[in-house]
Structure formats: structure tokens, C-alpha cells
Amino acid sequence: MDMDTGTDTGTGTGTGMEYRRLGASGLLVPALSFGAGTFGGQGPLFSAWGTVGGDEARRLVDICLEAGVNMFDTADVYSAGTSEEVLGQAIKGRRDQVIVSTKTGLPLGDGPLDAGTSRSRLVTAVDAALRRLDTDYIDLLQLHAFDAGTPVEEVLDTLDALVRAGKVRYTGVSNFSGWQTMKSLAAADRHGHPRYVAHQVYYSLIGRDYEWELMPLAVDQGLGAIVWSPLGWGRLTGKIRRGTPLPADSRLHATADYGPPVDDEHLYRVVDVLDEIAEETGKAVPQIALNWLLQRPTVATVLIGARNEEQLRQNLGAVGWSLAPEQVARLDAASHRPAPYPYFPYERQAAFARLNPPVIPAPQER
């Protein structure tokens with residue numbers, strides 16, 4: 001066990017890609033995985049993400065597999081299921097070479113059975129996802145959001161049945177709070193159901209809230225973090241800087257209200273340091289932002305998306321090298337934000353920290 005990452009690691013098959021165990025499971029996943037939210041391109045949000053389909057999607061999958069990226073993540077809500085359909089077509093004939101991860105639970109319509117994680121909805125949603133993906137099983141099924149209206153016991157019992165039926169192999173959650181995750185894990189232990197092994201979370205240099213509660217929980221309970229939007233909803237692409245207008249082709253024009261908010265001055269402070277390190281290393285700003293994440297505790301895999309081959313190849317350049325400790329410290333300091341209560345005493349006061357050693361090193365102020 002690598003105490004810095006919370007995951008077992010290995011170099012794998014000679015592609016140069018590192019593979020890590022997903023939480024407290026035996027499933028090995030690549031350090032970088034492909035997020036298929038750019039597949040399909042339907043609706044105002046997802047059309048702004050990308051409109052990849054057909055031959056182009058298969059080409060991106062080809063490039064991923066050549067680089068050792070064999071995990072592909074999607075969701076039924078992405079382009080109203082079209083993302084799953086395009087992904088299923090792109091992996092056709094090589095299903096045994098890939099790990100398919102999908103999510104369900106967010107609303108797909110206005111009807112009473114179109115949202116949530118009740119037994120009825122989960123069974124129907126999994127069968128529909130299997131059809132769209134054109135596969136017999138889902139490697140990792142994640143609940144896209146917590147359903148406060150359905151007892152966790154009902155959710156876990158249904159997931160257990162899906163695992164026993166061979167339709168699902170591993171389960172996880174996404175966007176859960178700490179208490180929601182822990183309540184579910186405790187219920188799984190109490191009833192002998194499979195435990196969640198993954199938590200798909202937002203985490204980036206400009207969004208480090210994951211570290212306050214969810215990261216310590218993941219260390220304690222054996223959850224692997226699958227990181228979504230590692231470039232801060234497109235803000236860490238290297239195109240956004242202090243004193244410059246938002247690029248005309250930025251997806252933020254159409255999607256800023258959907259994504260996590262960030263203070264402009266905080267963003268610019270982080271980007272300034274990223275630019276400095278880019279000059280020192282010869283690496284692109286997105287590669288540095290991704291590499292920083294790959295060194296964080298509990299991170300099992302970071303999802304990279306791409307609208308085209310050029311974006312994908314650049315993101316793949318985030319592996320095979322490591323930032324120097326001094327560079328990591330500068331990024332830590334630039335991206336640090338004061339913790340809210342009840343976390344700030346543990347960060348600021350020695351008596352609190354003595355009882356609860358931090359999961360990650362204290363930030364070094366510049």
C-alpha cells in the first residue's frame with residue numbers, strides 16, 4: 001500500500017501507464033481514464049462539452065488503448081443516453097480490453113420514475129444502460145447523486161442483486177457528502193452487501209474542498225477517488241489568464257453556471273504559478289494541473305475528456321513524469337483556501353492536529 005496515495009500501484013503492461021487499485025478492491029484502473037461526456041453532444045450543456053461520435057469516438061478509444069488508458073466513464077444523463085450509445089459502438093469488438101464505468105440517478109425526464117435510485121429506477125436504469133452500451137455487464141456502476149427519498153438499505157439491496165446477477169461488478173457513488181457516504185457504508189456492513197469502492201468527485205487545483213472531509217473518509221474507509229473536471233471546469237487549460245478575455249471557443253460561455261464556482265483572483269493566482277512551472281518544466285499547463293492531482297492521497301484515477309485527438313494527446317502527457325516536491329509545494333500554497341468550520345481548528349491549532357494528523361501536508365504559504 002502506498003501511504004501517500006492510498007492505492008496500490010504498478011506500472012502495468014509496458015505502455016508507461018501506471019495502474020492503481022480502486023479503493024479497497026482488487027480492480028486495477030489506469031491513473032488516467034477517459035471521460036466520455038464529449039460523446040454524443042445533445043442538449044445545451046453536453047453539446048458545449050463536445051459532439052464526438054462514430055469514427056472519431058473510435059479513434060479516441062484507439063489512442064487511449066495505445067497509451068494504456070483502458071477505463072471509460074460515462075453516464076445515462078450524458079446527452080440523454082447518447083454518450084453511452086457512442087461509447088458502446090466505439091468499444092465494440094474489444095469489450096474484454098476495457099473497463100466501463102457509468103452512472104445513474106440524476107433525472108432523465110419529468111416523470112416520477114425518471115429520477116433517483118429506488119429499486120424500480122435502478123433495475124430499469126441498469127437494463128437500459130446495458131442496452132445502450134451493447135454489453136452484458138457494467139464494470140463500475142456509480143450512483144450519480146444521493147437520493148434522500150429512498151432508504152439506503154433499499155439501494156444497497158438492489159445493487160447487491162445486480163452484482164449477484166452479473167450485471168454489475170463493482171459499485172460506487174458520485175457527489176455524495178461525507179455523512180451520506182458513511183451511512184451507506186455502515187448499512188452495507190450491517191447487511192452484508194457489497195461496499196462502495198469508489199467516489200467520483202470534483203477535485204482540482206482551484207477546487208480542493210474534497211480534502212476537508214471526503215479525502216479523510218476515503219483513507220479511513222478504502223474509497224478510491226475518481227476525479228471529474230480535474231481542470232476546474234475548463235479554467236486550467238492554459239487559455240485563461242489575468243487581464244485577458246475569455247477565449248471565444250471556451251465552453252465556459254455556455255456552461256459556467258453548471259460548474260463549480262471559483263473566485264477570479266484565486267484562479268489567476270494558481271494560473272500564475274502554473275505558468276511559472278510550465279516555463280521551468282517545458283510541460284503544458286493542463287499537464288501540470290493533472291500531474292499535481294495524480295500525487296494526491298486517495299486519487300485512483302483522473303478523468304480526462306477530449307473533443308479531439310490533439311486535446312487527448314496533450315492530456316495523456318500528464319503521466320510518465322512527476323513534479324518536483326518544491327513545485328508541488330508552490331502549487332499547494334497558491335491553491336490553498338481556508339477551511340470552514342469544523343475543519344479549521346484541525347488545520348490551525350496544534351492541539352487539534354495532535355489528535356488528528358492531517359491526511360495531506362499543511363500548505364506552505366508563499
# chains A, B, ... in the order shown; residues from 1 in each chain; ligands from 1
>>> residues_around(residues="Ala57 (chain A)", least_positions_apart="3", cutoff="12 Å", atoms="only C-alpha atoms", output="CSV table (one decimal) with C-alpha atoms, in the first residue's frame")
chain,number,residue,atom,x,y,z
A,34,PHE,CA,-11.3,8.8,-20.4
A,35,GLY,CA,-14.4,10.7,-19.6
A,36,ALA,CA,-16.9,10.2,-22.4
A,37,GLY,CA,-19.0,13.3,-21.7
A,38,THR,CA,-17.9,14.7,-25.0
A,39,PHE,CA,-19.5,11.7,-26.8
A,40,GLY,CA,-23.0,12.4,-28.3
A,41,GLY,CA,-23.3,16.2,-27.9
A,50,GLY,CA,-18.3,18.1,-27.4
A,51,THR,CA,-20.1,16.4,-30.2
A,52,VAL,CA,-17.9,13.4,-30.8
A,53,GLY,CA,-19.4,10.4,-32.5
A,54,GLY,CA,-18.9,7.5,-34.8
A,60,LEU,CA,-10.1,8.4,-29.5
A,61,VAL,CA,-10.6,5.0,-27.9
A,62,ASP,CA,-7.8,3.6,-30.1
A,63,ILE,CA,-5.4,6.3,-28.9
A,64,CYS,CA,-6.4,5.7,-25.2
A,72,PHE,CA,-14.0,4.8,-19.9
A,83,SER,CA,-22.9,9.1,-24.8
A,84,GLU,CA,-23.4,5.5,-23.6
A,85,GLU,CA,-24.5,4.5,-27.1
A,86,VAL,CA,-21.5,6.1,-28.8
A,87,LEU,CA,-19.1,4.6,-26.3
A,88,GLY,CA,-20.7,1.2,-26.8
A,89,GLN,CA,-20.1,1.4,-30.5
A,90,ALA,CA,-16.5,2.7,-30.1
A,91,ILE,CA,-15.5,-0.3,-27.9
A,92,LYS,CA,-17.4,-2.9,-29.9
A,305,GLY,CA,-12.0,14.4,-21.6
A,306,ALA,CA,-11.3,15.4,-25.2
A,307,ARG,CA,-13.2,16.9,-28.1
A,308,ASN,CA,-10.4,15.9,-30.5
A,309,GLU,CA,-7.2,14.0,-30.9
A,312,LEU,CA,-6.4,13.9,-25.8
>>> residues_around(residues="region 262-266 of chain A", least_positions_apart="4", cutoff="9 Å", atoms="only C-alpha atoms", output="ChimeraX atom specification")
/A:206-207,232,242,270-271,334-335,337
>>> write_last_selection(atoms="C-alpha atoms", output="PDB file, in the first residue's frame")
ATOM      1  CA  ILE A 206      -8.931  25.542  -7.914  1.00  0.00           C
ATOM      2  CA  GLY A 207     -11.398  23.256  -6.124  1.00  0.00           C
ATOM      3  CA  GLY A 232     -11.571  23.174 -12.971  1.00  0.00           C
ATOM      4  CA  ARG A 242      -5.178  37.570 -15.750  1.00  0.00           C
ATOM      5  CA  VAL A 270      -2.991  29.485  -9.326  1.00  0.00           C
ATOM      6  CA  VAL A 271      -2.524  30.064 -13.052  1.00  0.00           C
ATOM      7  CA  ALA A 334      -1.144  29.102  -4.308  1.00  0.00           C
ATOM      8  CA  SER A 335      -4.267  26.920  -4.349  1.00  0.00           C
ATOM      9  CA  ARG A 337      -8.097  28.127   0.783  1.00  0.00           C
TER      10      ARG A 337
END
>>> select_by_dssp(residues="region 153-313 of chain A", states="alpha helix (DSSP H)", output="NGL selection string")
:A and (153-164 or 178-191 or 214-221 or 252-255 or 264-281 or 285-294 or 309-313)
>>> residues_around(residues="region 178-183 of chain A", least_positions_apart="3", cutoff="12 Å", atoms="only C-alpha atoms", output="number ranges by chain")
A: 143, 145-148, 151-153, 155-156, 172-175, 186-190, 195-201, 209-218, 220-223
>>> select_by_dssp(residues="region 52-132 of chain A", states="strand (DSSP E or B)", output="count of residues only")
10
>>> atom_distance(atom1="CA of Pro261 (chain A)", atom2="CA of Ser204 (chain A)")
12.0 Å
